[in-house]
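J.: Just protein.cif, nothing more (mmCIF, C-alpha atoms):
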```
data_data
loop_
_atom_site.label_atom_id
_atom_site.label_comp_id
_atom_site.auth_asym_id
_atom_site.auth_seq_id
_atom_site.Cartn_x
_atom_site.Cartn_y
_atom_site.Cartn_z
CA ALA A 38 18.36 -10.21 -7.62
CA LEU A 39 19.87 -13.67 -7.24
CA GLN A 40 22.41 -13.02 -9.96
CA THR A 41 23.89 -10.05 -11.77
CA ILE A 42 21.66 -8.78 -14.58
CA ALA A 43 23.33 -6.68 -17.24
CA GLU A 44 21.78 -3.56 -18.70
CA GLY A 45 19.45 -4.53 -21.54
CA GLU A 46 18.88 -8.09 -20.29
CA ASP A 47 15.50 -9.50 -19.34
CA ILE A 48 14.69 -9.24 -15.63
CA VAL A 49 11.57 -11.32 -16.10
CA SER A 50 9.86 -12.71 -19.19
CA VAL A 51 6.25 -14.00 -19.09
CA PRO A 52 4.57 -15.70 -22.07
CA GLN A 53 1.59 -13.64 -23.19
CA GLU A 54 -0.73 -16.66 -23.02
CA LEU A 55 -0.07 -16.96 -19.27
CA ALA A 56 -1.38 -13.45 -18.58
CA LEU A 57 -5.05 -12.89 -17.78
CA ASN A 58 -6.65 -10.95 -20.63
CA LEU A 59 -9.34 -8.76 -19.06
CA GLY A 60 -10.58 -7.04 -22.20
CA SER A 61 -10.16 -3.67 -23.82
CA GLU A 62 -13.18 -1.62 -22.76
CA GLY A 63 -11.95 1.95 -22.35
CA VAL A 64 -10.96 3.65 -19.11
CA ASN A 65 -13.75 2.29 -16.92
CA PRO A 66 -12.04 -0.30 -14.65
CA GLY A 67 -15.40 -1.84 -13.81
CA TYR A 68 -15.55 -3.89 -17.00
CA ALA A 69 -12.16 -5.53 -16.47
CA ALA A 70 -13.03 -6.03 -12.79
CA ILE A 71 -16.13 -8.00 -13.80
CA GLN A 72 -14.01 -10.25 -16.01
CA LEU A 73 -11.53 -10.83 -13.19
CA VAL A 74 -14.23 -11.64 -10.63
CA ARG A 75 -15.87 -14.10 -13.00
CA ILE A 76 -12.51 -15.77 -13.63
CA GLU A 77 -11.87 -15.99 -9.89
CA ARG A 78 -15.35 -17.41 -9.21
CA SER A 79 -15.28 -19.90 -12.08
CA GLU A 80 -15.98 -23.40 -10.75
CA GLU A 81 -14.03 -24.92 -13.64
CA ARG A 82 -10.99 -22.78 -12.86
CA ARG A 83 -11.19 -23.54 -9.16
CA ALA A 84 -11.53 -27.28 -9.75
CA ALA A 85 -8.50 -27.30 -12.04
CA GLY A 86 -6.50 -24.93 -9.84
CA TRP A 87 -5.62 -22.63 -12.73
CA TYR A 88 -3.88 -19.47 -11.49
CA GLN A 89 -4.79 -20.31 -7.87
CA PRO A 90 -1.34 -19.65 -6.35
CA PHE A 91 -1.27 -16.29 -8.14
CA LEU A 92 -4.82 -15.32 -7.14
CA ASP A 93 -4.09 -16.34 -3.54
CA ILE A 94 -1.44 -13.64 -3.17
CA LEU A 95 -3.63 -10.78 -4.41
CA PRO A 96 -4.64 -8.41 -1.60
CA PRO A 97 -8.03 -9.24 0.00
CA TYR A 98 -10.86 -6.71 0.10
CA GLU A 99 -9.90 -5.61 3.63
CA GLU A 100 -6.47 -4.47 2.41
CA CYS A 101 -7.68 -2.40 -0.54
CA ASP A 102 -6.67 1.17 0.31
CA THR A 103 -7.17 3.35 -2.76
CA THR A 104 -9.57 6.27 -2.30
CA ASP A 105 -12.45 4.21 -3.73
CA PHE A 106 -12.47 2.44 -0.34
CA PHE A 107 -12.31 5.55 1.84
CA SER A 108 -15.19 6.43 4.15
CA PRO A 109 -16.72 9.91 3.72
CA GLU A 110 -14.69 11.05 6.74
CA GLU A 111 -11.45 9.69 5.31
CA LEU A 112 -12.13 11.21 1.89
CA ALA A 113 -12.87 14.58 3.51
CA ALA A 114 -9.59 14.36 5.45
CA LEU A 115 -7.63 14.53 2.17
CA GLU A 116 -8.69 18.19 1.85
CA TRP A 117 -7.89 18.09 -1.86
CA GLU A 118 -10.86 18.80 -4.11
CA GLU A 119 -9.53 17.21 -7.28
CA VAL A 120 -9.12 13.78 -5.70
CA GLN A 121 -12.38 14.00 -3.79
CA LYS A 122 -14.30 14.95 -6.93
CA GLU A 123 -12.68 12.33 -9.16
CA THR A 124 -13.20 9.60 -6.57
CA THR A 125 -16.87 10.48 -6.13
CA GLU A 126 -17.47 10.54 -9.89
CA ARG A 127 -15.62 7.26 -10.42
CA LEU A 128 -17.60 5.52 -7.68
CA ALA A 129 -20.85 6.63 -9.31
CA LEU A 130 -19.67 5.18 -12.63
CA LEU A 131 -18.53 1.95 -10.97
CA GLU A 132 -21.89 1.59 -9.25
CA GLN A 133 -23.71 1.97 -12.57
CA THR A 134 -21.45 -0.66 -14.15
CA TYR A 135 -21.99 -3.04 -11.25
CA GLU A 136 -25.77 -2.69 -11.36
CA ALA A 137 -25.75 -3.33 -15.11
CA SER A 138 -23.64 -6.46 -14.62
CA GLN A 139 -26.20 -7.86 -12.19
CA GLY A 140 -29.15 -7.17 -14.46
CA LYS A 141 -30.40 -8.48 -17.76
CA ALA A 142 -28.25 -9.58 -20.66
CA SER A 143 -29.68 -6.68 -22.66
CA ALA A 144 -27.70 -4.33 -20.43
CA GLY A 145 -24.54 -5.61 -22.07
CA PHE A 146 -23.70 -8.44 -19.71
CA SER A 147 -24.79 -12.03 -19.32
CA SER A 148 -27.11 -12.52 -16.35
CA ASP A 149 -25.26 -15.54 -14.93
CA GLY A 150 -22.65 -15.50 -12.19
CA GLN A 151 -23.87 -12.67 -9.97
CA PHE A 152 -21.47 -11.44 -7.31
CA THR A 153 -21.43 -9.00 -4.40
CA TRP A 154 -20.40 -5.36 -4.42
CA GLU A 155 -17.41 -6.26 -2.22
CA GLU A 156 -16.26 -8.90 -4.72
CA TYR A 157 -16.65 -6.41 -7.55
CA MET A 158 -14.72 -3.68 -5.74
CA TRP A 159 -11.99 -6.21 -4.93
CA GLY A 160 -11.72 -6.72 -8.69
CA VAL A 161 -11.66 -2.96 -9.32
CA TYR A 162 -8.74 -2.58 -6.93
CA GLN A 163 -6.73 -5.32 -8.65
CA VAL A 164 -7.43 -3.77 -12.07
CA VAL A 165 -6.50 -0.22 -11.08
CA SER A 166 -3.41 -1.10 -9.05
CA ARG A 167 -2.00 -4.16 -10.87
CA VAL A 168 -3.36 -4.45 -14.42
CA LEU A 169 -1.34 -3.08 -17.34
CA SER A 170 -2.86 -1.75 -20.55
CA ILE A 171 -0.77 -3.06 -23.43
CA TYR A 172 -1.08 -1.31 -26.78
CA THR A 173 -0.31 -3.19 -29.98
CA SER A 174 -1.14 -2.41 -33.60
CA GLU A 175 -3.16 -5.61 -33.83
CA GLU A 176 -5.31 -5.31 -30.70
CA GLY A 177 -5.27 -1.70 -29.62
CA GLY A 178 -5.28 -1.31 -25.84
CA THR A 179 -5.85 -4.55 -23.92
CA LYS A 180 -5.80 -4.96 -20.14
CA TYR A 181 -3.61 -7.76 -18.80
CA LEU A 182 -2.99 -9.01 -15.29
CA ILE A 183 0.51 -10.45 -15.63
CA PRO A 184 1.80 -12.84 -12.96
CA MET A 185 5.17 -11.78 -11.49
CA ILE A 186 5.29 -8.49 -13.36
CA ASP A 187 2.47 -7.14 -11.18
CA LEU A 188 4.57 -7.81 -8.05
CA PHE A 189 7.27 -5.15 -8.56
CA ASN A 190 7.32 -2.39 -5.96
CA HIS A 191 7.47 1.23 -7.11
CA ASP A 192 10.43 3.52 -7.55
CA ALA A 193 9.83 6.54 -9.75
CA LYS A 194 13.56 6.73 -10.54
CA SER A 195 13.87 3.11 -11.65
CA PRO A 196 15.31 2.91 -15.18
CA HIS A 197 13.71 -0.44 -15.99
CA SER A 198 11.01 -0.72 -18.65
CA LEU A 199 8.22 -3.02 -19.83
CA LYS A 200 8.06 -4.36 -23.37
CA CYS A 201 5.69 -6.69 -25.20
CA THR A 202 7.63 -8.49 -27.90
CA GLY A 203 7.70 -11.88 -29.55
CA GLY A 204 4.71 -13.13 -27.58
CA PHE A 205 6.30 -12.26 -24.21
CA PHE A 206 5.82 -9.54 -21.63
CA LYS A 207 9.29 -8.51 -20.48
CA VAL A 208 10.78 -6.18 -17.90
CA ILE A 209 14.12 -5.00 -19.29
CA ALA A 210 16.99 -3.85 -17.09
CA GLY A 211 17.74 -0.15 -17.66
CA LYS A 212 21.03 -0.50 -15.83
CA GLU A 213 23.10 -3.27 -14.29
CA ILE A 214 21.51 -4.95 -11.29
CA ARG A 215 23.84 -6.52 -8.75
CA VAL A 216 23.24 -9.60 -6.63
CA GLY A 217 21.12 -8.76 -3.60
CA GLN A 218 19.69 -5.51 -4.98
CA GLN A 219 15.92 -5.04 -4.78
CA ILE A 220 14.44 -4.62 -8.23
CA MET A 221 11.88 -1.82 -8.45
CA PHE A 222 9.75 -0.59 -11.33
CA PRO A 223 8.47 2.94 -12.12
CA TYR A 224 4.68 2.89 -12.02
CA GLY A 225 3.28 5.09 -14.76
CA GLY A 226 6.77 5.48 -16.16
CA GLY A 227 7.70 7.42 -13.02
CA ASN A 228 5.52 10.34 -14.14
CA LEU A 229 2.63 10.18 -11.65
CA HIS A 230 1.85 12.89 -9.13
CA SER A 231 0.28 12.10 -5.76
CA ASP A 232 -3.31 12.49 -6.96
CA ARG A 233 -2.84 9.47 -9.24
CA VAL A 234 -0.65 7.45 -6.91
CA ILE A 235 -3.13 7.47 -4.02
CA GLN A 236 -6.12 6.81 -6.29
CA ASP A 237 -4.50 4.04 -8.33
CA TYR A 238 -2.11 2.41 -5.87
CA GLY A 239 -3.14 3.43 -2.36
CA PHE A 240 0.10 4.89 -1.06
CA VAL A 241 1.85 8.27 -0.84
CA GLU A 242 5.39 9.26 -1.76
CA GLU A 243 6.69 11.75 0.79
CA ASN A 244 8.48 14.03 -1.68
CA ASN A 245 7.15 13.40 -5.16
CA PRO A 246 8.73 15.91 -7.60
CA ARG A 247 5.77 15.51 -9.96
CA ASP A 248 3.62 17.29 -7.36
CA VAL A 249 5.68 20.45 -7.78
CA GLU A 250 5.49 20.12 -11.58
CA HIS A 251 1.73 19.71 -11.30
CA LEU A 252 1.45 22.93 -9.29
CA LEU A 253 3.78 25.10 -11.40
CA SER A 254 3.22 23.88 -14.96
CA ALA A 255 1.15 26.21 -17.12
CA LYS A 256 -2.59 25.71 -16.85
CA SER A 257 -4.12 24.58 -20.13
CA GLY A 258 -6.36 21.93 -21.57
CA GLN A 259 -3.33 19.96 -22.70
CA ALA A 260 -1.20 17.56 -20.70
CA VAL A 261 2.21 18.72 -19.52
CA PRO A 262 4.73 17.47 -22.14
CA GLY A 263 5.86 13.97 -21.20
CA ARG A 264 3.47 13.80 -18.26
CA PRO A 265 -0.02 12.26 -17.90
CA PHE A 266 -1.47 15.34 -16.17
CA THR A 267 -2.35 18.97 -16.76
CA GLY A 268 -0.76 21.83 -14.84
CA LYS A 269 -2.40 24.07 -12.25
CA GLY A 270 -0.37 27.15 -13.22
CA CYS A 271 0.04 28.38 -9.66
CA ASP A 272 1.83 31.63 -8.85
CA LEU A 273 2.84 32.68 -5.33
CA PRO A 274 -0.59 34.05 -4.33
CA ALA A 275 -2.27 30.87 -5.60
CA LEU A 276 0.16 28.70 -3.65
CA ASP A 277 -0.45 30.75 -0.51
CA ALA A 278 -4.20 30.32 -0.99
CA LEU A 279 -3.82 26.55 -1.37
CA LEU A 280 -1.74 26.34 1.79
CA ALA A 281 -4.27 28.44 3.70
CA SER A 282 -7.14 26.22 2.54
CA PHE A 283 -6.01 23.32 4.73
CA SER A 284 -7.47 22.98 8.21
CA THR A 285 -4.13 21.88 9.66
CA SER A 286 -0.50 22.87 9.29
CA LEU A 287 2.27 20.56 8.12
CA ASP A 288 3.61 20.43 11.69
CA GLN A 289 0.18 19.39 12.98
CA ASP A 290 -0.07 16.64 10.36
CA GLN A 291 3.37 15.35 11.28
CA ALA A 292 2.37 15.32 14.95
CA LEU A 293 -0.77 13.33 14.12
CA LEU A 294 1.28 10.78 12.21
CA ALA A 295 3.83 10.48 15.02
CA ASP A 296 1.31 10.22 17.89
CA LYS A 297 1.43 6.62 19.10
CA THR A 298 -1.08 7.26 21.90
CA ALA A 299 -3.91 7.79 19.38
CA PRO A 300 -2.93 5.86 16.24
CA LEU A 301 -4.82 6.63 13.06
CA SER A 302 -6.65 3.96 11.08
CA PRO A 303 -4.69 2.86 7.99
CA ARG A 304 -6.83 4.86 5.56
CA MET A 305 -7.02 7.94 7.77
CA ARG A 306 -3.27 7.77 8.12
CA LEU A 307 -3.00 7.63 4.34
CA ALA A 308 -5.24 10.71 4.05
CA VAL A 309 -3.07 12.68 6.48
CA GLU A 310 0.11 11.54 4.68
CA PHE A 311 -1.41 12.74 1.41
CA ARG A 312 -2.29 16.23 2.61
CA ALA A 313 1.11 16.52 4.31
CA ALA A 314 2.78 15.61 1.01
CA LYS A 315 0.72 18.26 -0.75
CA LYS A 316 1.84 20.89 1.76
CA ARG A 317 5.49 19.92 1.25
CA ALA A 318 4.99 20.25 -2.50
CA ILE A 319 3.41 23.69 -2.11
CA LEU A 320 6.30 24.86 0.08
CA ALA A 321 8.81 23.45 -2.42
CA ALA A 322 7.01 25.18 -5.28
CA LYS A 323 7.09 28.48 -3.37
CA ALA A 324 10.81 28.10 -2.76
CA GLN A 325 11.36 27.42 -6.46
CA LEU A 326 9.46 30.55 -7.48
CA GLN A 327 11.28 32.66 -4.93
CA ALA A 328 14.76 31.40 -5.85
#
```
Just give me the structure of the file as structure tokens.
T.:
Amino acid sequence: ALQTIAEGEDIVSVPQELALNLGSEGVNPGYAAIQLVRIERSEERRAAGWYQPFLDILPPYEECDTTDFFSPEELAALEWEEVQKETTERLALLEQTYEASQGKASAGFSSDGQFTWEEYMWGVYQVVSRVLSIYTSEEGGTKYLIPMIDLFNHDAKSPHSLKCTGGFFKVIAGKEIRVGQQIMFPYGGGNLHSDRVIQDYGFVEENNPRDVEHLLSAKSGQAVPGRPFTGKGCDLPALDALLASFSTSLDQDQALLADKTAPLSPRMRLAVEFRAAKKRAILAAKAQLQA
């Protein structure tokens, strides 16, 4: 922060018309990705320079590190079935959406402006990791890529919030921010466990308390109250079984991460960090049950 921002004041305010509206088609990120790629490839947009400085700072394909970009070996290294299964199913859906977008107009897309799989997956990454779904009574859920607001780094404990009001997207200070403080924002309201964080944002929090909640909350078909996930309902034997299912120990994972003589690739490193975080959560859940 360059100046003190009082609690309740705007941290940033972006006119709604300056955000990129990527549509409202359900949970499949492929549709919004297609819209984004077509905007980026538009000759008219490029000639006029619209949004170019903003688009230039978006991560390139080579830096996309969510599990959709993992190799089979890297995905296997997670050793967590739920993420492996969801990633595989999502990639199959994304492939179907991509093939439809490159086909005939009767498939639900215009046949102009074809693009590569890499361009499409670049768009998917931006949609999953940066786009916000805004719900209003007039429009329902609409996906927006909002310049500046998409640049906040994550802190699950951040008290700041996003509001759409008066034709503006605003991040509101949940507490006073002093000059020089980094301003963070809680992705997913600070309620995401590691399965979601790695799949949607491509990083791992070392000690995410939502992982313990995920393990210990009662197993049912309903989401845990106030959380966007269901519980696993693990007792001590179930936690022991989960821990035993890994091919490595936590100490071995930590040694792999610390070994500078044989550095891991970025995505393999992320996979090892993920399974290490899961083991820490299992141990923390055991300690909580035994207390």
J.: Name the residues that the PyMOL selection byres ((chain A and resi 251) around 8) picks from the file above, as a list of chain:residue names, using the file's chain letters and numbers.
T.: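 On this input, the PyMOL selection byres ((chain A and resi 251) around 8) captures A:His230, A:Arg247, A:Asp248, A:Val249, A:Glu250, A:Leu252, A:Leu253, A:Ser254, A:Phe266, A:Thr267, A:Gly268, A:Lys269, A:Gly270.
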J.: Please evaluate the PyMOL selection byres ((chain A and resi 151-165) around 6) against the displayed coordinates and give the resulting residues as a ChimeraX atom specification.
T.: /A:66-67,70,74,98,139,149-150,166-168,237
J.: Quick check, in Å to one decimal: how far apart do atom CA of A:Ser282 and atom CA of A:Ala322 lie?
T.: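 Computing the Euclidean distance for atom CA of A:Ser282 and atom CA of A:Ala322 yields 16.2 Å.
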J.: In Å, with one decimal, what is the gap from atom CA of A:Ile42 to atom CA of A:Arg215?
T.: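 If I compute the distance from atom CA of A:Ile42 to atom CA of A:Arg215, I get 6.6 Å.
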J.: Written as a CSV table (one decimal) with C-alpha atoms, keeping the file's coordinate frame, what is the full residue list that the PyMOL selection byres ((chain A and resi 308) around 12) yields on the file shown?
T.:
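File part.csv, as written:
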```
chain,number,residue,atom,x,y,z
A,102,ASP,CA,-6.7,1.2,0.3
A,103,THR,CA,-7.2,3.4,-2.8
A,104,THR,CA,-9.6,6.3,-2.3
A,106,PHE,CA,-12.5,2.4,-0.3
A,107,PHE,CA,-12.3,5.6,1.8
A,108,SER,CA,-15.2,6.4,4.2
A,109,PRO,CA,-16.7,9.9,3.7
A,110,GLU,CA,-14.7,11.0,6.7
A,111,GLU,CA,-11.4,9.7,5.3
A,112,LEU,CA,-12.1,11.2,1.9
A,113,ALA,CA,-12.9,14.6,3.5
A,114,ALA,CA,-9.6,14.4,5.4
A,115,LEU,CA,-7.6,14.5,2.2
A,116,GLU,CA,-8.7,18.2,1.8
A,117,TRP,CA,-7.9,18.1,-1.9
A,120,VAL,CA,-9.1,13.8,-5.7
A,121,GLN,CA,-12.4,14.0,-3.8
A,231,SER,CA,0.3,12.1,-5.8
A,232,ASP,CA,-3.3,12.5,-7.0
A,235,ILE,CA,-3.1,7.5,-4.0
A,236,GLN,CA,-6.1,6.8,-6.3
A,239,GLY,CA,-3.1,3.4,-2.4
A,240,PHE,CA,0.1,4.9,-1.1
A,241,VAL,CA,1.8,8.3,-0.8
A,290,ASP,CA,-0.1,16.6,10.4
A,293,LEU,CA,-0.8,13.3,14.1
A,294,LEU,CA,1.3,10.8,12.2
A,301,LEU,CA,-4.8,6.6,13.1
A,302,SER,CA,-6.6,4.0,11.1
A,303,PRO,CA,-4.7,2.9,8.0
A,304,ARG,CA,-6.8,4.9,5.6
A,305,MET,CA,-7.0,7.9,7.8
A,306,ARG,CA,-3.3,7.8,8.1
A,307,LEU,CA,-3.0,7.6,4.3
A,309,VAL,CA,-3.1,12.7,6.5
A,310,GLU,CA,0.1,11.5,4.7
A,311,PHE,CA,-1.4,12.7,1.4
A,312,ARG,CA,-2.3,16.2,2.6
A,313,ALA,CA,1.1,16.5,4.3
A,314,ALA,CA,2.8,15.6,1.0
A,315,LYS,CA,0.7,18.3,-0.8
```
J.: Do you have the atom CA of A:Ala43-atom CA of A:His197 distance handy?
T.: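 One can read the atom CA of A:Ala43 to atom CA of A:His197 distance as 11.5 Å.
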J.: Taking into account all atoms listed in the file, which residue in the set A:Lys122, A:Val49, A:Leu188, A:Ala295 is nearest to A:Leu95?
T.: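 Using all atoms listed in the file, A:Leu95 sits closest to A:Leu188.
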J.: Can you pull out the residues contacting A:Ile186? Cut-off 9 Å, using all atoms listed in the file, and skip same-chain residues under 5 positions away; I want them as a list in words.
T.: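 Near neighbours after the sequence-gap exclusion: Val49, Ser50, Val51, Arg167, Leu199, Phe206, Lys207 and Val208 of chain A.
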J.: Determine the nearest neighbour of A:Gln53 from the options A:Ser138, A:Ser286, A:Thr179, A:Gln133, counting all atoms listed in the file.
T.: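 Under the stated criterion, the closest residue is A:Thr179.
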J.: Which residue gives the smallest distance to A:Glu242 among A:Arg82, A:His191, A:Lys256, A:Arg75, with all atoms listed in the file counted?
T.: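 Nearest candidate to A:Glu242 out of A:Arg82, A:His191, A:Lys256, A:Arg75: A:His191.
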J.: Choose the residue, out of A:Ala69, A:Leu169, A:Ile209, A:Ile76, that has the smallest atom-to-atom separation from A:Glu46; count all atoms listed in the file.
T.: A:Ile209
J.: Counting only C-alpha atoms, which of A:Pro223, A:Glu126, A:Ser257, A:Lys297 gets nearest to A:Ala210?
T.: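 Closest candidate: A:Pro223.
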